[in-house]
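Chemist: This is the structure, below, for whatever I ask next.
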Amino acid sequence: MVDWAKDGLIDIVQYDIFYPGFSRWLELGPELDTSNVGTAPHHYGGHYGNYVTGHLAAKVERFEFVEWDHATTPGLDDSGYSISNGYVNVPQSPGFGLNLDEVPYQKAREENGFEVRA
């Protein structure tokens, strides 16, 4: 598909953010930029992809949009993110700007125990 894009047959590449992966997108996005091809990584159904994809925009000139699949995950604090006027505001903090709320994890451990299997 990348060759098709470079040949002008595709305007935007929308590979999944998790395959080929975020690190590969860091290389692929600028490569597509040189051919004037847009990028818009896909991740539908993967809540974490909202946040990972937004950070890619800083590296890719022809980044087109974040596919935002609004969802919540207990214990995942995404309060650093917001959407205004159609734009995702991405926090500057490490770890993709996400924090863990320990309370749901502690409650699950208390209710269900904890086991490590080898």
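How things are named: the first chain in the structure tokens is A, the next is B, and so on; residues count from 1 in each chain; ligands count from 1 in the order shown.
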Taking the chain letters and numbering used in this document, name the residues of chain A that DSSP puts in helix (DSSP H, G or I), as a ChimeraX atom specification.
Modeler: /A:2-6,22-33,47-56,95-97,102-112
Chemist: Please provide as a PyMOL selection string all residues within 9 Å of A:Gly97, with the sequence filter that same-chain residues fewer than 2 positions apart are discarded (counting only C-alpha atoms).
Modeler: chain A and resi 51+77-81+90-95+99
Chemist: Can you tell me how far atom CA of A:Leu76 sits from atom CA of A:Glu64, in Å to one decimal?
Modeler: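 Distance between the two atoms: 26.4 Å.
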Chemist: Measuring between only C-alpha atoms, which one of A:Val52, A:Phe18, A:Val2, A:Trp68 shows the shortest distance to A:Thr39?
Modeler: A:Val2
Chemist: Run DSSP on the backbone of this structure and report the residues of stretch 1-46 of chain A it assigns to strand (DSSP E), as a ChimeraX atom specification.
Modeler: /A:12-13,38-39
Chemist: Can you tell me, as a list in words, what residues are no more than 12 Å from A:Lys59 when counting only C-alpha atoms, ignoring any on the same chain fewer than 3 positions away?
Modeler: Phe22, Ser23, Trp25, Leu26, Glu27, Leu28, Gly29, Pro30, Glu31, Leu32, Asp33, Thr39, Thr53, Gly54, His55, Leu56, Arg62 and Phe63 of chain A
Chemist: Store the residues picked out above, limited to C-alpha atoms, as a short mmCIF file (atom, residue, chain, number, x, y, z; two decimals), in the first residue's frame.
Modeler:
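Below you can see part.cif, which holds the result:
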data_model
loop_
_atom_site.label_atom_id
_atom_site.label_comp_id
_atom_site.auth_asym_id
_atom_site.auth_seq_id
_atom_site.Cartn_x
_atom_site.Cartn_y
_atom_site.Cartn_z
CA PHE A 22 3.96 3.27 16.87
CA SER A 23 7.72 3.05 16.30
CA TRP A 25 4.76 4.98 12.25
CA LEU A 26 7.50 7.33 13.49
CA GLU A 27 9.49 6.26 10.42
CA LEU A 28 6.60 5.74 8.00
CA GLY A 29 4.88 9.11 8.57
CA PRO A 30 7.86 11.27 7.53
CA GLU A 31 8.55 8.86 4.64
CA LEU A 32 4.98 9.44 3.39
CA ASP A 33 5.41 13.19 3.95
CA THR A 39 -1.43 9.68 7.41
CA THR A 53 -2.16 8.32 17.78
CA GLY A 54 -2.46 11.91 18.97
CA HIS A 55 1.23 12.01 19.85
CA LEU A 56 2.23 10.95 16.35
CA ARG A 62 0.78 15.41 6.73
CA PHE A 63 -0.95 13.96 9.79
#
Chemist: Using only C-alpha atoms for the distances, tell me which of A:Val37, A:Glu67, A:His42, A:Pro74 is nearest to A:Leu100.
Modeler: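 When distances to A:Leu100 are compared using only C-alpha atoms, the smallest one comes from A:Pro74.
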Chemist: Please compute the atom CA of A:Phe65-atom CA of A:Gly38 distance, one decimal, in Å.
Modeler: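 These two atoms are separated by 9.3 Å.
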Chemist: From the set A:Thr72, A:Ser82, A:Gln14, A:Asn112, which residue has the shortest atom-to-atom contact distance to A:Gly46, counting only C-alpha atoms?
Modeler: A:Thr72
Chemist: Between A:Asn50, A:Ser35, A:Asn89, A:Ser84, single out the one closest to A:His70, counting only C-alpha atoms.
Modeler: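 Nearest to A:His70: A:Asn50.
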Chemist: Considering only C-alpha atoms, state which residue in the set A:Pro104, A:Ala40, A:Glu61, A:Val66 is at the smallest distance from A:Val88.
Modeler: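 Ranking A:Pro104, A:Ala40, A:Glu61, A:Val66 by distance to A:Val88, first place goes to A:Val66.
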Chemist: Under the rule that only C-alpha atoms are counted, which of A:Asp101, A:Asn36, A:Ala71, A:His47 is the nearest residue to A:Ile12?
Modeler: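 For A:Ile12, the nearest of the candidates is A:Asn36.
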